[in-house]
>>> print(open('protein05.cif').read())   # mmCIF, C-alpha atoms
data_upload
#
loop_
_atom_site.group_PDB
_atom_site.id
_atom_site.type_symbol
_atom_site.label_atom_id
_atom_site.label_comp_id
_atom_site.auth_asym_id
_atom_site.auth_seq_id
_atom_site.Cartn_x
_atom_site.Cartn_y
_atom_site.Cartn_z
ATOM 1 C CA MET F 556 89.424 102.540 159.987
ATOM 2 C CA ALA F 557 88.936 101.246 163.487
ATOM 3 C CA PRO F 558 91.246 101.404 166.507
ATOM 4 C CA GLU F 559 93.127 98.262 165.466
ATOM 5 C CA ASP F 560 94.464 100.104 162.446
ATOM 6 C CA GLN F 561 97.013 101.827 164.630
ATOM 7 C CA ARG F 562 98.653 98.545 165.614
ATOM 8 C CA VAL F 563 101.004 97.023 163.055
ATOM 9 C CA THR F 564 99.752 93.511 162.445
ATOM 10 C CA VAL F 565 101.816 90.349 162.462
ATOM 11 C CA ALA F 566 101.693 88.214 159.336
ATOM 12 C CA ASP F 567 103.848 85.606 157.607
ATOM 13 C CA ARG F 568 106.619 87.706 156.070
ATOM 14 C CA SER F 569 107.429 84.834 153.696
ATOM 15 C CA LEU F 570 104.229 85.811 151.871
ATOM 16 C CA ALA F 571 105.448 89.340 151.177
ATOM 17 C CA PRO F 572 105.205 90.308 147.490
ATOM 18 C CA THR F 573 108.322 89.593 145.485
ATOM 19 C CA HIS F 574 107.554 91.389 142.213
ATOM 20 C CA ARG F 575 108.467 95.028 141.807
ATOM 21 C CA ILE F 576 107.091 97.338 139.129
ATOM 22 C CA ASP F 577 108.531 100.759 138.294
ATOM 23 C CA ILE F 578 105.693 103.278 138.113
ATOM 24 C CA GLY F 579 107.914 106.206 137.169
ATOM 25 C CA GLY F 580 111.082 106.627 139.215
ATOM 26 C CA ARG F 581 110.008 104.427 142.108
ATOM 27 C CA SER F 582 108.645 100.925 142.453
ATOM 28 C CA LEU F 583 105.690 99.219 144.093
ATOM 29 C CA ALA F 584 105.831 95.621 145.316
ATOM 30 C CA LEU F 585 103.012 93.334 144.272
ATOM 31 C CA ASP F 586 101.894 89.729 144.155
ATOM 32 C CA ILE F 587 99.776 88.293 141.354
ATOM 33 C CA GLY F 588 98.024 84.945 141.628
ATOM 34 C CA GLY F 589 95.578 83.010 139.525
ATOM 35 C CA ASP F 590 94.211 83.602 136.065
ATOM 36 C CA GLY F 591 90.894 84.404 134.486
ATOM 37 C CA PRO F 592 88.844 87.070 132.722
ATOM 38 C CA LEU F 593 88.491 89.165 135.900
ATOM 39 C CA THR F 594 91.173 91.114 137.800
ATOM 40 C CA ILE F 595 90.556 91.335 141.543
ATOM 41 C CA ILE F 596 92.427 94.085 143.396
ATOM 42 C CA LEU F 597 92.897 93.683 147.163
ATOM 43 C CA GLU F 598 93.612 96.963 148.994
ATOM 44 C CA THR F 599 94.855 97.109 152.574
ATOM 45 C CA GLY F 600 93.945 99.433 155.417
ATOM 46 C CA LEU F 601 96.382 101.076 157.828
ATOM 47 C CA GLY F 602 98.814 99.228 160.048
ATOM 48 C CA ALA F 603 99.069 96.194 157.763
ATOM 49 C CA GLU F 604 100.745 95.063 154.585
ATOM 50 C CA SER F 605 99.320 93.149 151.658
ATOM 51 C CA VAL F 606 100.298 89.811 153.242
ATOM 52 C CA GLU F 607 97.088 90.181 155.260
ATOM 53 C CA TRP F 608 95.221 89.242 152.076
ATOM 54 C CA ALA F 609 97.143 86.038 151.347
ATOM 55 C CA ALA F 610 94.423 83.679 152.624
ATOM 56 C CA VAL F 611 91.704 85.454 150.628
ATOM 57 C CA GLN F 612 93.928 85.475 147.569
ATOM 58 C CA ARG F 613 94.414 81.709 147.791
ATOM 59 C CA GLU F 614 90.657 81.133 147.894
ATOM 60 C CA VAL F 615 89.720 83.252 144.873
ATOM 61 C CA ARG F 616 92.640 82.756 142.503
ATOM 62 C CA SER F 617 90.969 79.649 141.072
ATOM 63 C CA PHE F 618 88.634 81.789 138.966
ATOM 64 C CA ALA F 619 90.340 85.187 138.623
ATOM 65 C CA ARG F 620 93.625 87.004 138.532
ATOM 66 C CA VAL F 621 94.175 88.421 142.021
ATOM 67 C CA VAL F 622 96.478 91.334 142.800
ATOM 68 C CA ARG F 623 97.680 92.552 146.184
ATOM 69 C CA TYR F 624 100.368 95.183 146.627
ATOM 70 C CA ASP F 625 102.142 97.342 149.198
ATOM 71 C CA ARG F 626 101.454 101.058 148.887
ATOM 72 C CA ALA F 627 104.307 103.556 148.748
ATOM 73 C CA ASN F 628 105.994 104.100 152.130
ATOM 74 C CA ARG F 629 104.882 100.631 153.271
ATOM 75 C CA GLY F 630 106.148 97.077 153.131
ATOM 76 C CA ALA F 631 108.471 96.252 150.261
ATOM 77 C CA SER F 632 107.506 99.279 148.147
ATOM 78 C CA ASP F 633 109.620 102.387 147.693
ATOM 79 C CA ALA F 634 109.083 105.613 149.563
ATOM 80 C CA ALA F 635 107.120 108.494 148.061
ATOM 81 C CA PRO F 636 107.054 112.187 148.989
ATOM 82 C CA ARG F 637 104.802 113.011 151.923
ATOM 83 C CA PRO F 638 102.166 114.156 152.711
ATOM 84 C CA ARG F 639 99.997 112.045 150.442
ATOM 85 C CA THR F 640 96.298 112.142 149.711
ATOM 86 C CA ALA F 641 94.027 109.270 148.779
ATOM 87 C CA ALA F 642 94.015 110.586 145.214
ATOM 88 C CA ASP F 643 97.827 110.350 145.133
ATOM 89 C CA MET F 644 97.610 106.701 146.173
ATOM 90 C CA VAL F 645 94.997 105.920 143.541
ATOM 91 C CA ASP F 646 97.247 107.606 140.966
ATOM 92 C CA ASP F 647 99.966 105.139 141.995
ATOM 93 C CA LEU F 648 97.614 102.191 141.686
ATOM 94 C CA GLU F 649 96.447 103.251 138.238
ATOM 95 C CA ALA F 650 100.078 103.572 137.132
ATOM 96 C CA LEU F 651 100.749 100.108 138.545
ATOM 97 C CA LEU F 652 97.851 98.606 136.607
ATOM 98 C CA VAL F 653 99.208 100.092 133.386
ATOM 99 C CA ARG F 654 102.883 99.208 133.938
ATOM 100 C CA ALA F 655 102.048 95.657 135.083
ATOM 101 C CA ASP F 656 99.630 95.178 132.150
ATOM 102 C CA LEU F 657 96.744 94.382 134.494
ATOM 103 C CA GLU F 658 93.652 94.979 132.414
ATOM 104 C CA GLY F 659 90.035 94.945 133.532
ATOM 105 C CA PRO F 660 87.313 94.240 134.117
ATOM 106 C CA TYR F 661 88.122 94.825 137.785
ATOM 107 C CA LEU F 662 86.539 93.722 141.012
ATOM 108 C CA LEU F 663 87.742 96.073 143.762
ATOM 109 C CA VAL F 664 88.086 94.955 147.383
ATOM 110 C CA GLY F 665 89.136 97.457 150.045
ATOM 111 C CA HIS F 666 89.581 97.040 153.785
ATOM 112 C CA SER F 667 89.212 100.024 156.132
ATOM 113 C CA PHE F 668 91.200 102.931 154.624
ATOM 114 C CA GLY F 669 91.560 100.762 151.540
ATOM 115 C CA GLY F 670 87.796 100.985 151.121
ATOM 116 C CA LEU F 671 88.102 104.731 150.639
ATOM 117 C CA LEU F 672 90.758 104.185 147.965
ATOM 118 C CA MET F 673 88.626 101.637 146.145
ATOM 119 C CA ARG F 674 85.653 103.998 146.132
ATOM 120 C CA LEU F 675 87.801 106.612 144.416
ATOM 121 C CA LEU F 676 89.088 104.094 141.892
ATOM 122 C CA ALA F 677 85.558 102.814 141.220
ATOM 123 C CA ARG F 678 84.445 106.330 140.364
ATOM 124 C CA ARG F 679 87.431 106.951 138.100
ATOM 125 C CA ARG F 680 87.129 103.657 136.224
ATOM 126 C CA ARG F 681 83.422 103.056 136.462
ATOM 127 C CA GLY F 682 83.192 101.533 132.990
ATOM 128 C CA GLU F 683 85.887 98.944 133.808
ATOM 129 C CA VAL F 684 84.719 97.988 137.317
ATOM 130 C CA LYS F 685 82.464 94.950 137.662
ATOM 131 C CA GLY F 686 81.918 95.258 141.406
ATOM 132 C CA LEU F 687 83.086 96.739 144.699
ATOM 133 C CA VAL F 688 83.517 95.089 148.109
ATOM 134 C CA LEU F 689 83.965 97.318 151.168
ATOM 135 C CA VAL F 690 85.406 95.349 154.092
ATOM 136 C CA ASP F 691 84.619 97.202 157.333
ATOM 137 C CA SER F 692 85.492 100.386 155.531
ATOM 138 C CA LEU F 693 86.594 103.756 156.826
ATOM 139 C CA HIS F 694 83.755 106.289 156.794
ATOM 140 C CA ALA F 695 84.419 109.969 156.199
ATOM 141 C CA ASP F 696 82.477 110.938 159.357
ATOM 142 C CA GLN F 697 83.994 108.426 161.739
ATOM 143 C CA PHE F 698 86.496 110.701 163.455
ATOM 144 C CA ASP F 699 83.814 113.262 164.264
ATOM 145 C CA ILE F 700 81.514 110.559 165.611
ATOM 146 C CA PHE F 701 83.961 108.472 167.615
ATOM 147 C CA GLY F 702 86.635 110.945 168.681
ATOM 148 C CA ALA F 703 84.671 112.104 171.713
ATOM 149 C CA SER F 704 83.767 108.539 172.725
ATOM 150 C CA PHE F 705 87.154 107.575 174.092
ATOM 151 C CA PRO F 706 87.425 107.530 177.896
ATOM 152 C CA PRO F 707 89.728 110.119 179.486
ATOM 153 C CA PRO F 708 93.331 109.082 180.233
ATOM 154 C CA ALA F 709 93.750 106.840 183.268
ATOM 155 C CA VAL F 710 96.768 105.807 185.316
ATOM 156 C CA GLY F 711 98.099 102.468 184.162
ATOM 157 C CA GLU F 712 96.153 102.312 180.907
ATOM 158 C CA PRO F 713 97.744 100.370 178.029
ATOM 159 C CA PRO F 714 100.075 102.496 175.902
ATOM 160 C CA ALA F 715 98.212 101.271 172.815
ATOM 161 C CA LEU F 716 94.989 102.816 174.109
ATOM 162 C CA ALA F 717 96.708 106.160 174.716
ATOM 163 C CA GLU F 718 98.135 106.066 171.191
ATOM 164 C CA VAL F 719 94.794 105.277 169.595
ATOM 165 C CA ARG F 720 93.017 107.974 171.648
ATOM 166 C CA ALA F 721 95.550 110.573 170.547
ATOM 167 C CA PHE F 722 95.043 109.642 166.905
ATOM 168 C CA TRP F 723 91.242 109.583 166.939
ATOM 169 C CA THR F 724 90.829 112.786 168.965
ATOM 170 C CA GLY F 725 92.804 114.962 166.576
ATOM 171 C CA GLY F 726 96.106 113.332 165.724
ATOM 172 C CA TRP F 727 94.641 112.117 162.448
ATOM 173 C CA ARG F 728 94.801 115.683 161.148
ATOM 174 C CA ASP F 729 98.626 115.566 161.241
ATOM 175 C CA TRP F 730 100.073 113.672 158.291
ATOM 176 C CA ASN F 731 103.047 112.667 160.449
ATOM 177 C CA SER F 732 100.698 110.437 162.453
ATOM 178 C CA THR F 733 100.894 107.639 159.875
ATOM 179 C CA PRO F 734 103.935 106.007 158.219
ATOM 180 C CA GLU F 735 102.408 106.758 154.831
ATOM 181 C CA GLY F 736 102.084 110.462 155.626
ATOM 182 C CA ILE F 737 98.364 110.519 154.869
ATOM 183 C CA ASP F 738 96.690 113.895 154.558
ATOM 184 C CA PHE F 739 93.401 112.773 156.071
ATOM 185 C CA PRO F 740 91.484 116.075 155.843
ATOM 186 C CA ALA F 741 92.124 116.232 152.099
ATOM 187 C CA SER F 742 91.516 112.499 151.630
ATOM 188 C CA LEU F 743 88.188 112.568 153.463
ATOM 189 C CA ALA F 744 87.090 115.518 151.326
ATOM 190 C CA GLN F 745 87.958 113.496 148.215
ATOM 191 C CA ASP F 746 85.938 110.570 149.551
ATOM 192 C CA ARG F 747 82.872 112.725 150.195
ATOM 193 C CA ASP F 748 82.808 113.562 146.490
ATOM 194 C CA VAL F 749 82.045 109.890 145.785
ATOM 195 C CA ASP F 750 78.322 109.984 146.501
ATOM 196 C CA ASP F 751 76.785 107.952 143.681
ATOM 197 C CA LEU F 752 78.102 104.860 141.933
ATOM 198 C CA GLY F 753 74.898 104.213 140.055
ATOM 199 C CA ALA F 754 74.008 100.546 139.694
ATOM 200 C CA LEU F 755 77.508 99.227 140.420
ATOM 201 C CA PRO F 756 77.197 95.913 142.316
ATOM 202 C CA LEU F 757 78.353 96.755 145.855
ATOM 203 C CA ARG F 758 78.854 94.508 148.864
ATOM 204 C CA VAL F 759 79.475 95.885 152.348
ATOM 205 C CA ILE F 760 81.003 93.597 154.970
ATOM 206 C CA ALA F 761 80.449 94.947 158.486
ATOM 207 C CA ALA F 762 82.462 93.439 161.346
ATOM 208 C CA ALA F 763 82.026 93.368 165.127
ATOM 209 C CA THR F 764 84.717 96.015 165.257
ATOM 210 C CA PHE F 765 83.984 97.479 168.681
ATOM 211 C CA THR F 766 82.284 94.460 170.228
ATOM 212 C CA ARG F 767 85.428 92.382 169.737
ATOM 213 C CA ASN F 768 87.993 95.062 170.561
ATOM 214 C CA PRO F 769 89.632 94.573 173.967
ATOM 215 C CA MET F 770 90.883 98.180 174.001
ATOM 216 C CA VAL F 771 87.311 99.457 174.156
ATOM 217 C CA PRO F 772 85.787 99.490 177.676
ATOM 218 C CA ALA F 773 83.195 96.739 177.969
ATOM 219 C CA LEU F 774 80.402 99.147 178.963
ATOM 220 C CA LEU F 775 80.866 101.159 175.761
ATOM 221 C CA ARG F 776 81.166 98.350 173.233
ATOM 222 C CA ALA F 777 77.495 97.829 172.390
ATOM 223 C CA GLU F 778 76.752 101.531 171.891
ATOM 224 C CA LEU F 779 79.875 102.132 169.806
ATOM 225 C CA GLN F 780 79.162 99.056 167.706
ATOM 226 C CA GLN F 781 75.692 100.383 166.929
ATOM 227 C CA ARG F 782 77.218 103.645 165.726
ATOM 228 C CA TRP F 783 79.736 101.754 163.590
ATOM 229 C CA ASP F 784 76.993 99.598 162.077
ATOM 230 C CA ARG F 785 75.023 102.715 161.140
ATOM 231 C CA LEU F 786 78.040 104.124 159.314
ATOM 232 C CA GLN F 787 78.560 100.859 157.438
ATOM 233 C CA ARG F 788 74.925 100.822 156.346
ATOM 234 C CA GLN F 789 75.310 104.320 154.917
ATOM 235 C CA PHE F 790 77.547 102.873 152.201
ATOM 236 C CA LEU F 791 74.499 101.088 150.816
ATOM 237 C CA ARG F 792 73.326 104.472 149.519
ATOM 238 C CA LEU F 793 76.182 104.557 147.019
ATOM 239 C CA SER F 794 74.554 102.053 144.690
ATOM 240 C CA THR F 795 71.125 100.794 143.734
ATOM 241 C CA ARG F 796 72.578 97.261 143.814
ATOM 242 C CA ALA F 797 74.110 97.190 147.280
ATOM 243 C CA THR F 798 73.786 94.613 150.058
ATOM 244 C CA LEU F 799 75.317 94.206 153.514
ATOM 245 C CA THR F 800 76.928 91.069 154.936
ATOM 246 C CA PRO F 801 77.526 91.047 158.713
ATOM 247 C CA ALA F 802 80.684 89.443 160.089
ATOM 248 C CA PRO F 803 79.722 89.046 163.777
ATOM 249 C CA GLU F 804 82.578 86.664 164.572
ATOM 250 C CA SER F 805 85.277 88.972 163.215
ATOM 251 C CA GLY F 806 87.129 91.936 164.532
ATOM 252 C CA HIS F 807 88.085 94.769 162.202
ATOM 253 C CA PHE F 808 90.508 92.651 160.149
ATOM 254 C CA VAL F 809 87.913 90.373 158.575
ATOM 255 C CA GLN F 810 90.375 89.163 155.935
ATOM 256 C CA ARG F 811 92.427 87.704 158.787
ATOM 257 C CA ASP F 812 89.639 86.541 161.121
ATOM 258 C CA ASP F 813 87.288 85.097 158.504
ATOM 259 C CA PRO F 814 88.954 85.016 155.067
ATOM 260 C CA SER F 815 86.451 82.456 153.797
ATOM 261 C CA LEU F 816 83.592 84.901 154.337
ATOM 262 C CA VAL F 817 85.399 87.617 152.370
ATOM 263 C CA ALA F 818 86.249 85.117 149.631
ATOM 264 C CA GLN F 819 82.628 83.990 149.415
ATOM 265 C CA VAL F 820 81.375 87.553 149.029
ATOM 266 C CA ILE F 821 83.932 88.107 146.254
ATOM 267 C CA ARG F 822 82.973 84.840 144.582
ATOM 268 C CA ASP F 823 79.275 85.683 144.663
ATOM 269 C CA LEU F 824 79.883 89.165 143.271
ATOM 270 C CA ALA F 825 82.137 87.831 140.511
ATOM 271 C CA GLY F 826 79.353 85.516 139.414
ATOM 272 C CA LEU F 827 76.871 88.299 138.707
#
>>> encode(input="protein05.cif", output="structure tokens")
Amino acid sequence: MAPEDQRVTVADRSLAPTHRIDIGGRSLALDIGGDGPLTIILETGLGAESVEWAAVQREVRSFARVVRYDRANRGASDAAPRPRTAADMVDDLEALLVRADLEGPYLLVGHSFGGLLMRLLARRRRGEVKGLVLVDSLHADQFDIFGASFPPPAVGEPPALAEVRAFWTGGWRDWNSTPEGIDFPASLAQDRDVDDLGALPLRVIAAATFTRNPMVPALLRAELQQRWDRLQRQFLRLSTRATLTPAPESGHFVQRDDPSLVAQVIRDLAGL
């Protein structure tokens, strides 16, 4: 999860999911496209809804069934009690897969915070998961590494910068800091338990997250990008069949900036 996550993105609301599935007293909104022997699950990060995946979905639905959905407390889905941990969200997704009759094998694709959720799901359903794609994923150590890197407050700075600084320098510990009510300390602890996915085919897409972020002071971008790249490379340790694909022309939201690259990585992984 990079600084952009704290800004709600603009997308074509006409692409919002129209199906609703009851998962036990509340419903999640989802969109299903395509058909095939493989079920691809597209998981969003923070500050965005599943419409962000529409372009990727269009490119891969020719060979697989593709699912995108809005998590509880977001988009067109119902509210859920807060605070919520990553495990709670994966519980919801598993219930959705059952109630919507979405069987595996699965190929899991997670952006930013969604990458954390897909790692948890991959561990739970290892026997049903064909592959995992992490798109500029959140890393459990990122707040410790980057929190102190933000410049001190300055007169006239953009309000968005002040908001992001507050979140990264400690606000993330308060579940009220996100619309979903995410308990980040508990969720990061859950993520750290996922330390070995065996020989699961894994693809890591690493974006120019800090290089292409106008909220980051120009003099700091190169150094911060190097730190971010190191964190992304650490995900390669999760599997003996992991590779990294750089996305140097994309900011953090690669599925928006370069959907064809994400689709190609998915297509290649599905062909294994």
>>> resolve_selection(input="protein05.cif", expression="the PyMOL selection byres ((chain F and resi 689-698) around 9)", output="PDB file with C-alpha atoms, in the coordinates of the input")
ATOM      1  CA  MET F 556      89.424 102.540 159.987  1.00  0.00           C
ATOM      2  CA  ALA F 557      88.936 101.246 163.487  1.00  0.00           C
ATOM      3  CA  GLY F 600      93.945  99.433 155.417  1.00  0.00           C
ATOM      4  CA  LEU F 663      87.742  96.073 143.762  1.00  0.00           C
ATOM      5  CA  VAL F 664      88.086  94.955 147.383  1.00  0.00           C
ATOM      6  CA  GLY F 665      89.136  97.457 150.045  1.00  0.00           C
ATOM      7  CA  HIS F 666      89.581  97.040 153.785  1.00  0.00           C
ATOM      8  CA  SER F 667      89.212 100.024 156.132  1.00  0.00           C
ATOM      9  CA  PHE F 668      91.200 102.931 154.624  1.00  0.00           C
ATOM     10  CA  GLY F 669      91.560 100.762 151.540  1.00  0.00           C
ATOM     11  CA  GLY F 670      87.796 100.985 151.121  1.00  0.00           C
ATOM     12  CA  LEU F 671      88.102 104.731 150.639  1.00  0.00           C
ATOM     13  CA  MET F 673      88.626 101.637 146.145  1.00  0.00           C
ATOM     14  CA  ARG F 674      85.653 103.998 146.132  1.00  0.00           C
ATOM     15  CA  LEU F 687      83.086  96.739 144.699  1.00  0.00           C
ATOM     16  CA  VAL F 688      83.517  95.089 148.109  1.00  0.00           C
ATOM     17  CA  ASP F 699      83.814 113.262 164.264  1.00  0.00           C
ATOM     18  CA  ILE F 700      81.514 110.559 165.611  1.00  0.00           C
ATOM     19  CA  PHE F 701      83.961 108.472 167.615  1.00  0.00           C
ATOM     20  CA  GLY F 702      86.635 110.945 168.681  1.00  0.00           C
ATOM     21  CA  ALA F 703      84.671 112.104 171.713  1.00  0.00           C
ATOM     22  CA  TRP F 723      91.242 109.583 166.939  1.00  0.00           C
ATOM     23  CA  THR F 724      90.829 112.786 168.965  1.00  0.00           C
ATOM     24  CA  GLY F 725      92.804 114.962 166.576  1.00  0.00           C
ATOM     25  CA  TRP F 727      94.641 112.117 162.448  1.00  0.00           C
ATOM     26  CA  SER F 742      91.516 112.499 151.630  1.00  0.00           C
ATOM     27  CA  LEU F 743      88.188 112.568 153.463  1.00  0.00           C
ATOM     28  CA  ALA F 744      87.090 115.518 151.326  1.00  0.00           C
ATOM     29  CA  ASP F 746      85.938 110.570 149.551  1.00  0.00           C
ATOM     30  CA  ARG F 747      82.872 112.725 150.195  1.00  0.00           C
ATOM     31  CA  LEU F 757      78.353  96.755 145.855  1.00  0.00           C
ATOM     32  CA  ARG F 758      78.854  94.508 148.864  1.00  0.00           C
ATOM     33  CA  VAL F 759      79.475  95.885 152.348  1.00  0.00           C
ATOM     34  CA  ILE F 760      81.003  93.597 154.970  1.00  0.00           C
ATOM     35  CA  ALA F 761      80.449  94.947 158.486  1.00  0.00           C
ATOM     36  CA  ALA F 762      82.462  93.439 161.346  1.00  0.00           C
ATOM     37  CA  THR F 764      84.717  96.015 165.257  1.00  0.00           C
ATOM     38  CA  TRP F 783      79.736 101.754 163.590  1.00  0.00           C
ATOM     39  CA  LEU F 786      78.040 104.124 159.314  1.00  0.00           C
ATOM     40  CA  GLN F 787      78.560 100.859 157.438  1.00  0.00           C
ATOM     41  CA  GLN F 789      75.310 104.320 154.917  1.00  0.00           C
ATOM     42  CA  PHE F 790      77.547 102.873 152.201  1.00  0.00           C
ATOM     43  CA  HIS F 807      88.085  94.769 162.202  1.00  0.00           C
ATOM     44  CA  PHE F 808      90.508  92.651 160.149  1.00  0.00           C
ATOM     45  CA  VAL F 809      87.913  90.373 158.575  1.00  0.00           C
ATOM     46  CA  GLN F 810      90.375  89.163 155.935  1.00  0.00           C
ATOM     47  CA  VAL F 817      85.399  87.617 152.370  1.00  0.00           C
TER      48      VAL F 817
END
>>> resolve_selection(input="protein05.cif", expression="the PyMOL selection byres ((chain F and resi 771) around 12)", output="NGL selection string")
:F and (557-559 or 701 or 704-706 or 712-713 or 715-717 or 719-720 or 764-770 or 772-780)
>>> atom_distance(input="protein05.cif", atom1="atom CA of F:Val621", atom2="atom CA of F:Ala818")
11.5 Å
>>> residues_near_point(input="protein05.cif", point="(76.2, 107.8, 142.6)", cutoff="6 Å", atoms="all atoms listed in the file", output="list in words")
Asp750, Asp751, Leu752, Gly753 and Leu793 of chain F
>>> axis_aligned_box(input="protein05.cif", around="stretch 736-754 of chain F", padding_each_side="3 Å", output="JSON")
{"center_x": 88.0, "center_y": 108.4, "center_z": 147.9, "size_x": 34.1, "size_y": 21.7, "size_z": 22.4}
>>> closest_residue(input="protein05.cif", among="F:Val622, F:Leu651, F:Ala609, F:Leu597", to="F:Ile576", atoms="all atoms listed in the file")
F:Leu651
>>> closest_atom_pairs(input="protein05.cif", of="stretch 673-736 of chain F", to="stretch 601-604 of chain F", cutoff="9 Å", atoms="all atoms listed in the file", output="Markdown table")
| residue | atom | partner | partner_atom | distance |
| --- | --- | --- | --- | --- |
| F:Thr733 | CA | F:Leu601 | CA | 8.2 |
| F:Pro734 | CA | F:Gly602 | CA | 8.7 |
| F:Glu735 | CA | F:Leu601 | CA | 8.8 |
>>> closest_residue(input="protein05.cif", among="F:Val606, F:Ala763, F:Ala631, F:Val615", to="F:His574", atoms="only C-alpha atoms")
F:Ala631
>>> closest_residue(input="protein05.cif", among="F:Arg811, F:Ala677, F:Arg782, F:Asp738", to="F:Leu755", atoms="all atoms listed in the file")
F:Ala677
>>> atom_distance(input="protein05.cif", atom1="atom CA of F:Ala797", atom2="atom CA of F:Gly686")
10.0 Å
>>> resolve_selection(input="protein05.cif", expression="the PyMOL selection byres ((chain F and resi 825) around 8)", output="MDAnalysis selection string")
chainID F and resid 593 662 685:686 821:824 826:827
>>> atom_distance(input="protein05.cif", atom1="atom CA of F:Ser794", atom2="atom CA of F:Asp647")
25.7 Å
>>> build_atoms(input="protein05.cif", residues="stretch 747-752 of chain F", atoms="all heavy atoms", output="short mmCIF file (atom, residue, chain, number, x, y, z; two decimals), in the coordinates of the input")
data_model
loop_
_atom_site.label_atom_id
_atom_site.label_comp_id
_atom_site.auth_asym_id
_atom_site.auth_seq_id
_atom_site.Cartn_x
_atom_site.Cartn_y
_atom_site.Cartn_z
N ARG F 747 84.24 112.21 150.15
CA ARG F 747 82.87 112.72 150.20
C ARG F 747 82.34 113.08 148.80
O ARG F 747 81.14 113.16 148.59
CB ARG F 747 82.80 113.95 151.12
CG ARG F 747 82.93 113.59 152.60
CD ARG F 747 82.64 114.79 153.50
NE ARG F 747 82.62 114.40 154.89
CZ ARG F 747 83.66 114.51 155.73
NH1 ARG F 747 84.80 115.02 155.28
NH2 ARG F 747 83.56 114.13 156.99
N ASP F 748 83.24 113.29 147.86
CA ASP F 748 82.81 113.56 146.49
C ASP F 748 82.26 112.31 145.80
O ASP F 748 81.61 112.42 144.75
CB ASP F 748 83.97 114.12 145.66
CG ASP F 748 84.29 115.57 146.01
OD1 ASP F 748 83.41 116.25 146.57
OD2 ASP F 748 85.42 116.02 145.73
N VAL F 749 82.56 111.13 146.36
CA VAL F 749 82.04 109.89 145.78
C VAL F 749 80.70 109.61 146.45
O VAL F 749 80.62 108.96 147.49
CB VAL F 749 83.02 108.71 146.01
CG1 VAL F 749 82.50 107.46 145.33
CG2 VAL F 749 84.41 109.05 145.50
N ASP F 750 79.64 110.10 145.87
CA ASP F 750 78.32 109.98 146.50
C ASP F 750 77.33 109.17 145.70
O ASP F 750 76.19 108.94 146.15
CB ASP F 750 77.74 111.37 146.81
CG ASP F 750 77.61 112.23 145.56
OD1 ASP F 750 77.95 111.75 144.45
OD2 ASP F 750 77.20 113.39 145.69
N ASP F 751 77.72 108.71 144.50
CA ASP F 751 76.78 107.95 143.68
C ASP F 751 77.56 107.10 142.68
O ASP F 751 78.22 107.62 141.79
CB ASP F 751 75.85 108.92 142.94
CG ASP F 751 74.74 108.20 142.17
OD1 ASP F 751 74.73 106.94 142.17
OD2 ASP F 751 73.90 108.87 141.57
N LEU F 752 77.46 105.79 142.86
CA LEU F 752 78.10 104.86 141.93
C LEU F 752 77.08 104.16 141.04
O LEU F 752 77.36 103.09 140.48
CB LEU F 752 78.93 103.83 142.72
CG LEU F 752 80.13 104.41 143.48
CD1 LEU F 752 80.79 103.34 144.34
CD2 LEU F 752 81.15 105.03 142.52
#
